[in-house]
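Here is query_5.csv, consisting of CSV, C-alpha atoms:
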chain,number,residue,atom,x,y,z
X,105,MET,CA,0.0,0.0,0.0
X,106,LYS,CA,1.4,3.4,-1.1
X,107,GLU,CA,1.7,6.2,1.5
X,108,LYS,CA,0.0,9.5,1.0
X,109,GLY,CA,3.2,11.4,1.0
X,110,GLU,CA,4.6,9.4,-1.9
X,111,THR,CA,1.5,10.1,-3.9
X,112,GLY,CA,1.7,13.8,-3.2
X,113,ARG,CA,5.4,13.9,-4.3
X,114,ARG,CA,4.4,12.2,-7.5
X,115,HIS,CA,1.8,14.9,-8.3
X,116,LEU,CA,4.1,17.8,-7.4
X,117,PRO,CA,6.0,17.7,-10.7
X,118,VAL,CA,2.7,17.7,-12.6
X,119,ILE,CA,1.5,20.9,-10.8
X,120,VAL,CA,4.9,22.6,-11.4
X,121,LYS,CA,4.6,21.8,-15.1
X,122,ILE,CA,1.1,23.2,-15.3
X,123,LEU,CA,2.1,26.4,-13.5
X,124,ALA,CA,5.2,26.7,-15.7
X,125,GLY,CA,3.0,26.3,-18.7
X,126,LEU,CA,0.6,29.0,-17.6
X,127,LEU,CA,3.5,31.4,-16.9
X,128,LEU,CA,4.9,30.7,-20.3
X,129,VAL,CA,1.5,31.4,-22.0
X,130,CYS,CA,1.2,34.6,-20.0
X,131,ALA,CA,4.7,35.7,-20.9
X,132,VAL,CA,4.1,34.9,-24.6
X,133,GLY,CA,0.8,36.8,-24.5
X,134,ILE,CA,2.4,39.9,-22.9
X,135,ALA,CA,5.3,39.8,-25.3
X,136,GLY,CA,2.9,39.5,-28.2
X,137,TYR,CA,0.8,42.4,-26.9
X,138,ILE,CA,3.9,44.6,-26.6
X,139,ILE,CA,5.0,43.7,-30.1
X,140,TYR,CA,1.4,44.5,-31.3
X,141,MET,CA,1.5,47.9,-29.6
X,142,GLN,CA,5.0,48.7,-31.0
X,143,MET,CA,4.1,47.7,-34.5
X,144,ASN,CA,1.0,49.9,-34.5
X,145,TYR,CA,2.8,52.9,-33.0
X,146,TYR,CA,3.7,55.8,-35.3
X,147,ARG,CA,3.8,59.6,-35.3
X,148,ILE,CA,2.2,61.7,-38.0
X,149,GLU,CA,4.8,63.5,-40.1
X,150,ASP,CA,5.3,67.2,-39.3
X,151,HIS,CA,4.1,69.8,-41.7
X,152,THR,CA,1.3,67.5,-42.9
X,153,ALA,CA,-1.2,69.4,-45.1
X,154,LEU,CA,-4.8,69.6,-43.8
X,155,GLU,CA,-7.9,69.8,-46.0
X,156,ALA,CA,-10.5,72.5,-45.5
X,157,GLY,CA,-13.9,71.0,-45.9
X,158,ASN,CA,-16.9,73.1,-46.9
X,159,ASN,CA,-14.6,76.1,-47.2
X,160,GLN,CA,-16.3,79.5,-47.0
X,161,GLU,CA,-15.8,82.5,-49.3
X,162,GLN,CA,-16.0,85.5,-46.9
X,163,ILE,CA,-12.7,87.3,-46.3
X,164,LEU,CA,-11.7,88.9,-43.0
X,165,LYS,CA,-11.4,92.7,-42.7
X,166,ALA,CA,-9.3,94.8,-40.4
X,167,GLY,CA,-11.2,97.0,-38.0
X,168,GLU,CA,-14.2,94.6,-37.6
X,169,THR,CA,-15.0,92.6,-34.5
X,170,TYR,CA,-15.0,88.8,-34.7
X,171,THR,CA,-15.4,86.0,-32.1
X,172,ALA,CA,-13.7,82.7,-31.5
X,173,VAL,CA,-14.3,80.0,-28.9
X,174,THR,CA,-12.0,77.2,-27.6
X,175,CYS,CA,-13.5,74.2,-26.0
X,176,ASN,CA,-12.2,70.8,-25.0
X,177,ILE,CA,-15.2,68.5,-25.1
X,178,GLY,CA,-13.4,65.6,-23.4
X,179,PHE,CA,-14.6,63.0,-25.9
X,180,GLY,CA,-18.1,63.2,-24.4
X,181,ALA,CA,-17.1,61.4,-21.3
X,182,TYR,CA,-16.6,63.9,-18.6
X,183,GLY,CA,-20.0,64.4,-16.9
X,184,PRO,CA,-19.9,65.5,-13.2
X,185,ASP,CA,-19.8,61.8,-12.1
X,186,TYR,CA,-16.8,60.9,-14.2
X,187,SER,CA,-13.2,60.4,-13.2
X,188,PHE,CA,-10.3,59.3,-15.5
X,189,PHE,CA,-7.8,56.6,-14.7
X,190,MET,CA,-4.7,58.6,-15.6
X,191,ASP,CA,-5.6,61.5,-13.3
X,192,THR,CA,-4.2,61.5,-9.7
X,193,GLY,CA,-4.5,63.9,-6.9
X,194,GLU,CA,-4.3,64.4,-3.1
X,195,MET,CA,-6.9,65.7,-0.7
X,196,GLU,CA,-6.1,68.2,2.0
X,197,ASP,CA,-5.8,65.4,4.6
X,198,GLY,CA,-3.2,63.6,2.5
X,199,ALA,CA,-5.5,61.0,1.1
X,200,ARG,CA,-4.4,60.0,-2.4
X,201,THR,CA,-6.9,59.9,-5.2
X,202,VAL,CA,-7.0,58.3,-8.6
X,203,GLY,CA,-9.6,58.3,-11.4
X,204,LYS,CA,-11.7,55.2,-12.1
X,205,TYR,CA,-12.7,55.0,-15.7
X,206,GLY,CA,-10.8,54.1,-18.9
X,207,LYS,CA,-13.7,55.0,-21.2
X,208,ALA,CA,-17.0,56.8,-20.9
X,209,ILE,CA,-19.6,55.5,-18.5
X,210,SER,CA,-22.0,54.6,-21.3
X,211,ARG,CA,-22.8,55.3,-24.9
X,212,GLU,CA,-25.8,57.3,-23.7
X,213,SER,CA,-23.6,59.6,-21.6
X,214,VAL,CA,-21.4,60.3,-24.6
X,215,GLU,CA,-24.4,61.3,-26.7
X,216,THR,CA,-25.8,63.4,-23.9
X,217,ASN,CA,-22.5,65.2,-23.2
X,218,THR,CA,-21.7,65.7,-26.9
X,219,GLU,CA,-25.2,67.2,-27.4
X,220,SER,CA,-24.7,69.5,-24.4
X,221,ALA,CA,-21.4,70.7,-26.0
X,222,VAL,CA,-23.1,71.4,-29.3
X,223,LYS,CA,-25.9,73.4,-27.7
X,224,GLU,CA,-23.4,75.5,-25.8
X,225,LEU,CA,-21.4,76.2,-29.0
X,226,GLU,CA,-24.6,77.1,-30.8
X,227,LYS,CA,-25.5,79.5,-28.0
X,228,LEU,CA,-22.1,81.2,-28.2
X,229,ASN,CA,-22.4,81.5,-32.0
X,230,ALA,CA,-18.7,82.3,-32.6
X,231,ASP,CA,-17.2,83.0,-36.0
X,232,PHE,CA,-14.4,80.4,-35.2
X,233,MET,CA,-14.5,77.3,-33.0
X,234,LEU,CA,-11.3,75.5,-31.9
X,235,LEU,CA,-12.2,72.1,-30.3
X,236,GLN,CA,-10.1,69.5,-28.7
X,237,GLU,CA,-10.6,65.8,-27.8
X,238,VAL,CA,-13.1,65.1,-30.6
X,239,ASP,CA,-13.4,61.4,-31.3
X,240,VAL,CA,-13.8,59.9,-34.8
X,241,ASP,CA,-13.8,56.2,-33.9
X,242,ALA,CA,-12.9,55.1,-30.4
X,243,ASP,CA,-13.7,52.4,-27.9
X,244,ARG,CA,-13.6,55.0,-25.1
X,245,SER,CA,-16.6,56.9,-26.6
X,246,TYR,CA,-18.5,53.7,-27.8
X,247,HIS,CA,-17.6,54.5,-31.4
X,248,MET,CA,-19.7,57.7,-31.6
X,249,ASN,CA,-18.3,59.7,-34.5
X,250,GLN,CA,-18.3,63.1,-32.8
X,251,LYS,CA,-16.4,64.7,-35.7
X,252,GLU,CA,-19.1,63.9,-38.2
X,253,THR,CA,-21.9,64.8,-35.7
X,254,LEU,CA,-20.3,68.2,-35.1
X,255,ILE,CA,-19.7,68.9,-38.8
X,256,GLU,CA,-23.3,68.0,-39.6
X,257,ARG,CA,-24.6,70.3,-36.9
X,258,PHE,CA,-22.4,73.2,-38.0
X,259,GLU,CA,-23.0,72.9,-41.7
X,260,ASP,CA,-22.6,76.6,-42.4
X,261,TYR,CA,-19.0,76.6,-41.3
X,262,GLY,CA,-15.8,75.5,-43.1
X,263,ASN,CA,-14.0,72.8,-41.1
X,264,VAL,CA,-10.4,71.5,-40.7
X,265,PHE,CA,-9.5,68.3,-38.7
X,266,ALA,CA,-6.1,67.4,-37.4
X,267,SER,CA,-5.6,63.9,-35.9
X,268,ASN,CA,-3.7,63.9,-32.6
X,269,PHE,CA,-4.6,60.5,-31.1
X,270,HIS,CA,-4.4,57.3,-33.0
X,271,SER,CA,-3.6,54.4,-30.8
X,272,ALA,CA,-3.9,50.6,-31.0
X,273,TYR,CA,-6.0,48.8,-28.4
X,274,LEU,CA,-4.8,49.9,-24.9
X,275,PHE,CA,-5.8,47.1,-22.6
X,276,TYR,CA,-5.7,49.3,-19.5
X,277,PRO,CA,-7.0,49.8,-16.9
X,278,PHE,CA,-7.8,46.1,-16.8
X,279,SER,CA,-11.2,46.8,-15.2
X,280,ASP,CA,-12.3,49.2,-18.0
X,281,PRO,CA,-9.8,49.3,-20.9
X,282,HIS,CA,-9.3,52.6,-22.8
X,283,GLY,CA,-9.2,50.6,-26.0
X,284,ALA,CA,-8.3,51.9,-29.5
X,285,VAL,CA,-8.7,55.6,-30.3
X,286,GLU,CA,-8.8,57.9,-33.4
X,287,ALA,CA,-9.4,61.5,-32.3
X,288,GLY,CA,-8.2,65.0,-32.8
X,289,LEU,CA,-8.6,68.8,-33.1
X,290,LEU,CA,-11.7,70.0,-35.0
X,291,ASN,CA,-11.9,73.6,-36.2
X,292,PHE,CA,-14.7,75.6,-37.7
X,293,SER,CA,-14.6,78.9,-39.6
X,294,ARG,CA,-17.2,81.2,-41.2
X,295,TYR,CA,-14.3,82.7,-43.3
X,296,GLU,CA,-12.1,81.4,-46.0
X,297,ILE,CA,-9.2,79.2,-44.9
X,298,ARG,CA,-6.5,79.6,-47.6
X,299,GLU,CA,-4.2,76.9,-46.3
X,300,ALA,CA,-3.9,74.6,-43.3
X,301,GLU,CA,-1.2,72.3,-41.9
X,302,ARG,CA,-0.5,70.0,-38.9
X,303,ARG,CA,2.6,70.7,-36.8
X,304,SER,CA,3.9,67.9,-34.6
X,305,TYR,CA,4.8,68.8,-31.0
X,306,PRO,CA,7.7,67.1,-29.3
X,307,VAL,CA,6.3,64.3,-27.1
X,308,ASP,CA,7.5,61.9,-24.4
X,309,ASN,CA,8.8,58.8,-26.2
X,310,SER,CA,9.4,56.7,-23.1
X,311,PHE,CA,8.2,53.1,-23.5
X,312,VAL,CA,4.9,53.4,-21.6
X,313,THR,CA,4.0,57.1,-22.1
X,314,LYS,CA,4.2,57.0,-25.9
X,315,PHE,CA,1.3,54.5,-25.9
X,316,THR,CA,-0.9,56.3,-23.4
X,317,ASP,CA,-0.4,60.0,-24.4
X,318,LEU,CA,-1.6,61.7,-27.6
X,319,ASP,CA,0.3,62.4,-30.8
X,320,ARG,CA,0.4,66.0,-29.6
X,321,CYS,CA,0.1,68.7,-32.3
X,322,PHE,CA,-1.2,72.1,-33.3
X,323,ALA,CA,-3.3,72.9,-36.4
X,324,VAL,CA,-2.2,76.1,-38.2
X,325,MET,CA,-4.8,77.7,-40.5
X,326,ARG,CA,-4.1,80.7,-42.7
X,327,LEU,CA,-7.0,83.0,-43.4
X,328,PRO,CA,-6.7,85.9,-46.0
X,329,VAL,CA,-7.4,89.4,-44.8
X,330,GLU,CA,-8.3,92.2,-47.1
X,331,GLY,CA,-5.2,94.2,-47.9
X,332,GLY,CA,-2.9,91.2,-48.3
X,333,LYS,CA,-2.1,90.1,-44.7
X,334,GLU,CA,-3.1,86.8,-43.1
X,335,LEU,CA,-4.7,85.7,-39.9
X,336,VAL,CA,-2.7,82.7,-38.6
X,337,LEU,CA,-5.2,80.9,-36.5
X,338,ILE,CA,-3.8,78.0,-34.4
X,339,ASN,CA,-5.6,75.3,-32.4
X,340,SER,CA,-3.2,73.8,-29.8
X,341,HIS,CA,-3.4,70.9,-27.3
X,342,MET,CA,-0.2,70.5,-25.2
X,343,SER,CA,0.8,67.6,-23.1
X,344,ALA,CA,-1.0,67.0,-19.8
X,345,TYR,CA,0.9,64.1,-18.0
X,346,ASP,CA,4.3,65.8,-17.8
X,347,GLU,CA,5.4,66.3,-14.2
X,348,GLY,CA,7.9,69.0,-14.1
X,349,GLY,CA,6.8,70.4,-17.5
X,350,GLN,CA,9.9,69.4,-19.4
X,351,ILE,CA,8.0,68.2,-22.5
X,352,ARG,CA,5.7,71.2,-22.4
X,353,ALA,CA,8.7,73.5,-22.3
X,354,ARG,CA,9.9,72.0,-25.6
X,355,GLN,CA,6.4,72.3,-27.0
X,356,LEU,CA,6.2,76.0,-26.0
X,357,GLU,CA,9.6,76.6,-27.7
X,358,LEU,CA,8.2,75.3,-31.0
X,359,LEU,CA,4.9,77.2,-30.7
X,360,ASN,CA,6.8,80.4,-29.8
X,361,SER,CA,9.0,80.1,-32.9
X,362,VAL,CA,6.0,79.7,-35.2
X,363,MET,CA,4.1,82.7,-33.6
X,364,GLU,CA,7.2,84.9,-33.7
X,365,GLU,CA,8.0,84.1,-37.3
X,366,GLU,CA,4.4,84.9,-38.4
X,367,TYR,CA,4.2,88.1,-36.3
X,368,GLN,CA,7.6,89.4,-37.7
X,369,ALA,CA,6.2,88.7,-41.2
X,370,GLY,CA,3.4,91.2,-40.5
X,371,ASN,CA,0.6,88.7,-40.0
X,372,TYR,CA,-2.0,88.5,-37.3
X,373,VAL,CA,-1.6,85.5,-34.9
X,374,ILE,CA,-4.2,83.9,-32.6
X,375,VAL,CA,-3.6,80.7,-30.7
X,376,GLY,CA,-6.5,79.0,-28.8
X,377,GLY,CA,-6.7,75.7,-27.1
X,378,ASP,CA,-6.0,73.6,-24.1
X,379,PHE,CA,-2.5,74.6,-23.0
X,380,ASN,CA,-2.3,72.3,-20.0
X,381,HIS,CA,-0.6,75.2,-18.2
X,382,ALA,CA,-2.2,77.5,-15.7
X,383,LEU,CA,-2.4,80.7,-17.7
X,384,GLY,CA,-0.6,83.0,-15.3
X,385,GLU,CA,0.4,82.8,-11.6
X,386,ALA,CA,-2.9,84.4,-10.4
X,387,VAL,CA,-5.1,81.6,-11.6
X,388,ALA,CA,-2.8,78.7,-10.7
X,389,GLU,CA,-4.2,78.5,-7.1
X,390,GLY,CA,-7.0,81.1,-7.5
X,391,PHE,CA,-10.0,78.9,-6.7
X,392,PRO,CA,-11.3,77.2,-3.5
X,393,SER,CA,-10.6,73.5,-3.3
X,394,LYS,CA,-10.3,70.6,-0.8
X,395,GLN,CA,-7.3,69.2,-2.7
X,396,LYS,CA,-3.6,70.0,-2.7
X,397,TYR,CA,-1.9,71.7,-5.6
X,398,PRO,CA,-1.2,68.9,-8.1
X,399,ALA,CA,2.2,68.2,-9.6
X,400,TRP,CA,0.9,68.2,-13.2
X,401,VAL,CA,0.1,72.0,-13.2
X,402,SER,CA,2.8,74.1,-14.7
X,403,ILE,CA,2.4,77.8,-15.0
X,404,LEU,CA,2.7,79.8,-18.3
X,405,THR,CA,3.8,83.4,-17.8
X,406,GLN,CA,3.9,86.4,-20.0
X,407,GLU,CA,7.7,86.4,-19.7
X,408,GLU,CA,7.8,83.1,-21.6
X,409,MET,CA,5.9,84.4,-24.6
X,410,ALA,CA,7.6,85.2,-27.9
X,411,GLU,CA,8.1,88.9,-28.7
X,412,GLY,CA,4.9,90.5,-29.8
X,413,ILE,CA,2.7,87.8,-28.4
X,414,ARG,CA,0.6,88.1,-25.2
X,415,ILE,CA,-1.7,85.9,-23.1
X,416,VAL,CA,-5.2,87.2,-23.3
X,417,GLN,CA,-6.3,87.2,-19.7
X,418,ALA,CA,-10.0,86.5,-19.4
X,419,GLU,CA,-11.9,89.4,-17.7
X,420,ASN,CA,-13.4,86.9,-15.2
X,421,GLU,CA,-10.3,84.6,-14.9
X,422,LEU,CA,-10.4,84.7,-11.1
X,423,GLU,CA,-14.2,83.9,-11.0
X,424,ILE,CA,-14.6,81.0,-13.5
X,425,PRO,CA,-12.0,78.2,-13.9
X,426,THR,CA,-11.7,76.3,-17.1
X,427,CYS,CA,-10.4,72.9,-16.0
X,428,ARG,CA,-11.2,70.6,-13.1
X,429,GLY,CA,-9.2,67.7,-11.7
X,430,ALA,CA,-10.6,64.5,-13.0
X,431,ASP,CA,-9.2,62.2,-10.3
X,432,ILE,CA,-12.5,62.4,-8.5
X,433,PRO,CA,-16.1,63.1,-9.6
X,434,TYR,CA,-16.9,66.8,-9.7
X,435,THR,CA,-18.2,68.7,-6.7
X,436,LYS,CA,-17.8,72.5,-6.8
X,437,GLY,CA,-15.4,73.7,-4.2
X,438,VAL,CA,-13.9,70.2,-3.7
X,439,ASN,CA,-12.0,69.4,-6.9
X,440,PHE,CA,-8.8,71.4,-7.7
X,441,THR,CA,-9.7,73.8,-10.5
X,442,THR,CA,-7.6,76.3,-12.5
X,443,VAL,CA,-7.5,78.1,-15.9
X,444,VAL,CA,-5.6,76.1,-18.7
X,445,ASP,CA,-7.8,77.0,-21.7
X,446,GLY,CA,-7.7,80.3,-23.5
X,447,PHE,CA,-6.0,82.4,-26.1
X,448,LEU,CA,-2.7,84.0,-27.1
X,449,ALA,CA,-2.7,87.0,-29.5
X,450,SER,CA,-0.2,89.1,-31.3
X,451,ASP,CA,0.1,92.8,-30.5
X,452,ASN,CA,-1.5,93.9,-33.7
X,453,ILE,CA,-4.8,92.4,-32.5
X,454,LYS,CA,-7.2,94.0,-30.0
X,455,ALA,CA,-8.6,91.2,-27.9
X,456,THR,CA,-10.7,90.5,-24.8
X,457,ALA,CA,-11.8,87.1,-23.4
X,458,LYS,CA,-14.3,85.6,-21.1
X,459,ASN,CA,-14.4,82.2,-19.4
X,460,VAL,CA,-17.8,80.6,-20.0
X,461,ASP,CA,-19.4,78.9,-16.9
X,462,THR,CA,-21.0,75.5,-17.6
X,463,ASP,CA,-20.1,74.3,-14.1
X,464,PHE,CA,-18.3,71.4,-15.8
X,465,GLY,CA,-21.7,69.9,-16.8
X,466,TYR,CA,-20.5,67.9,-19.9
X,467,SER,CA,-16.7,68.2,-19.9
X,468,ASP,CA,-13.8,68.6,-17.5
X,469,HIS,CA,-13.2,71.9,-19.3
X,470,ASN,CA,-15.2,75.1,-19.7
X,471,PRO,CA,-15.2,77.0,-23.0
X,472,VAL,CA,-13.4,80.4,-23.4
X,473,LEU,CA,-14.9,83.1,-25.7
X,474,LEU,CA,-12.7,85.6,-27.5
X,475,TRP,CA,-13.7,89.0,-29.1
X,476,PHE,CA,-11.0,90.3,-31.4
X,477,GLU,CA,-10.3,93.0,-33.9
X,478,LEU,CA,-7.5,93.1,-36.5
X,479,ALA,CA,-5.7,96.4,-36.3
X,480,GLU,CA,-5.5,98.4,-39.5
Show the structure stored in the file as structure tokens.
Amino acid sequence: MKEKGETGRRHLPVIVKILAGLLLVCAVGIAGYIIYMQMNYYRIEDHTALEAGNNQEQILKAGETYTAVTCNIGFGAYGPDYSFFMDTGEMEDGARTVGKYGKAISRESVETNTESAVKELEKLNADFMLLQEVDVDADRSYHMNQKETLIERFEDYGNVFASNFHSAYLFYPFSDPHGAVEAGLLNFSRYEIREAERRSYPVDNSFVTKFTDLDRCFAVMRLPVEGGKELVLINSHMSAYDEGGQIRARQLELLNSVMEEEYQAGNYVIVGGDFNHALGEAVAEGFPSKQKYPAWVSILTQEEMAEGIRIVQAENELEIPTCRGADIPYTKGVNFTTVVDGFLASDNIKATAKNVDTDFGYSDHNPVLLWFELAE
């Protein structure tokens, strides 16, 4: 009769082999996934020409007042109950916070938030609209084509689209994978766009970050002005997850060089967008919050601007923030908030701005409205 210990010893090698096999399968799967991500990773070439759809015929004139709005619609995900897995923070008592979701809560929430953004833009009725985080085909937004939806709703405008996020399937967070994404910057104009191109920002090419961050860029549109000059209108979306701001400093260097070159050539320059910098020291910590100042917030100052370019400070910049921390669901006075959205303008443009209060009802950003006049 065989003893129990002898039987157990006989089964032990079998268990070890099974576990080794499982580990090998996992290792092969992980290696295969890494190869898949690497093979599908690419950056769009700098100076890529962009097409102006439904281009309008009106020409800008010096001495007249025009309006522009910048708005990050947050791919239709960021209702008040939403938090994003890449966002982290810290409460006043030291408790660490991290966002929950990798994609929108539901298809219905995407449709509702996108419709709310459309209605707000319709109400603002600007001559130019510079939008960020507009999805074309993405798991995170349940494949709602926000680009086409917006173009259909604003059929009286010309439009230009610049891709800045084109990722393979990101299987993270494991509980709610972000998935594959095609998204970008969508621009609308009631005036002729003579030419447009996509400029590639420097980005963090470290192994993990290059798969999770965007293919950062800015869209440069040239609009003719009566008399021979041009308005160079730029939609910019700088890096967000860049502690210490080193990548954003390189991005600002490129943007400054473009703005200065155009201004020195005698053109008018306006840049709108999500700068992912607090636009001035006053707004960096200018709003009540139950959270500590986050590491991701860098400050953009006037001293850093190219010659002839200024930050257009919103008239209500200390009253209405434009961005909330998305590490926790939104509660007014609890989340960290600041101003990272707005406009830059050259000195040959008279400009004023106002932050639009939506109380972060459909996005983690508020729109900013600009009134401007091209000097004669």
Using all atoms listed in the file, which of the listed residues (X:Tyr397, X:Tyr205, X:Phe292, X:Tyr367) sits closest to Gly157 in chain X? X:Phe292
Please list as a ChimeraX atom specification every residue within 10 Å of Ile209 in chain X, counting all atoms listed in the file and excluding residues in the same chain fewer than 3 positions away. /X:180-183,185-187,205-206,212-214,244-246,280
Find the spatial neighbours of Glu196 in chain X, counting all atoms listed in the file, within a cut-off of 8 Å - ignore same-chain residues fewer than 2 positions away - and output them as an MDAnalysis selection string. chainID X and resid 194 198:199 394:396
Would you write out those residues with C-alpha atoms, as a PDB file, keeping the file's coordinate frame?
ATOM      1  CA  GLU X 194      -4.300  64.400  -3.100  1.00  0.00           C
ATOM      2  CA  GLY X 198      -3.200  63.600   2.500  1.00  0.00           C
ATOM      3  CA  ALA X 199      -5.500  61.000   1.100  1.00  0.00           C
ATOM      4  CA  LYS X 394     -10.300  70.600  -0.800  1.00  0.00           C
ATOM      5  CA  GLN X 395      -7.300  69.200  -2.700  1.00  0.00           C
ATOM      6  CA  LYS X 396      -3.600  70.000  -2.700  1.00  0.00           C
TER       7      LYS X 396
END
Of the candidates X:Gly384, X:Gly390, X:Pro328, X:Gly377, which one gets nearest to Gly446 in chain X if we count all atoms listed in the file?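 Going through X:Gly384, X:Gly390, X:Pro328, X:Gly377 one by one, the smallest distance to Gly446 in chain X is for X:Gly377.
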One decimal, Å: what's the distance from CA of Asp241 in chain X over to CA of Asn176 in chain X, could you say?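 For CA of Asp241 in chain X relative to CA of Asn176 in chain X, the distance reads 17.2 Å.
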Do you know which residues are at most 7 Å from Ala382 in chain X counting only C-alpha atoms, after dropping those on the same chain fewer than 4 positions away, and could you put them as a PyMOL selection string? chain X and resi 387-388+401-404+442-444
Which of these residues is nearest to Pro184 in chain X, using only C-alpha atoms: X:Tyr434, X:Phe391, X:Phe447, X:Phe476?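 Smallest distance to Pro184 in chain X is found for X:Tyr434.
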What does the structure give for the distance between CA of Ser271 in chain X and CA of Val285 in chain X, in Å to one decimal?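 Rounded to one decimal, the two atoms are 5.3 Å apart.
We find CA of Gln355 in chain X and CA of Lys204 in chain X to be spaced 29.0 Å apart.
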Name the closest residue to Asn159 in chain X among the candidates X:Gly193, X:Asn291, X:Thr253, X:Val202; distances are taken between atoms, counting all atoms listed in the file.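 Smallest distance to Asn159 in chain X is found for X:Asn291.
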Nearest candidate to Glu365 in chain X (options X:Gly412, X:Pro471, X:Gly125, X:Pro392; using all atoms listed in the file):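 Smallest separation from Glu365 in chain X among the options: X:Gly412.
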Neighbourhood query: residues within 7 Å of (8.6, 71.9, -25.1), file coordinates, counting only C-alpha atoms; return as JSON, numbers by chain. {"X": [306, 350, 351, 352, 353, 354, 355, 356, 357, 358]}
Find, counting only C-alpha atoms, the residue in X:Ile148, X:Val264, X:Leu254, X:Ala287 that gets nearest to Leu337 in chain X.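 So, comparing all the options, the nearest one is X:Val264.
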Could you list as number ranges by chain every residue that has an atom within 9 Å of (-10.1, 81.3, -17.2), using the file's coordinates and counting only C-alpha atoms? X: 382-383, 387, 417-427, 442-446, 457-460, 470-472
Residues within 9 Å of Ile453 in chain X, please, as an MDAnalysis selection string. Count all atoms listed in the file; anything in the same chain fewer than 3 positions from it doesn't count. chainID X and resid 372:374 449:450 476:479
Env of Ala430 in chain X: 7 Å cut, atoms = all atoms listed in the file, seq-sep filter 4 positions within chain, self excluded. Answer as a list in words. Ser187, Phe188, Asp191, Gly203 and Asp468 of chain X
Write out, as a tab-separated table, each residue of range 290-342 of chain X that has an atom at most 10 Å from range 360-363 of chain X, together with the closest pair of atoms and their distance in Å to one decimal, counting all atoms listed in the file, rows going by chain and rising number.
residue	atom	partner	partner_atom	distance
X:Arg303	CA	X:Val362	CA	9.8
X:Val324	CA	X:Val362	CA	9.4
X:Val336	CA	X:Met363	CA	8.4
X:Leu337	CA	X:Met363	CA	9.9
X:Ile338	CA	X:Met363	CA	9.2
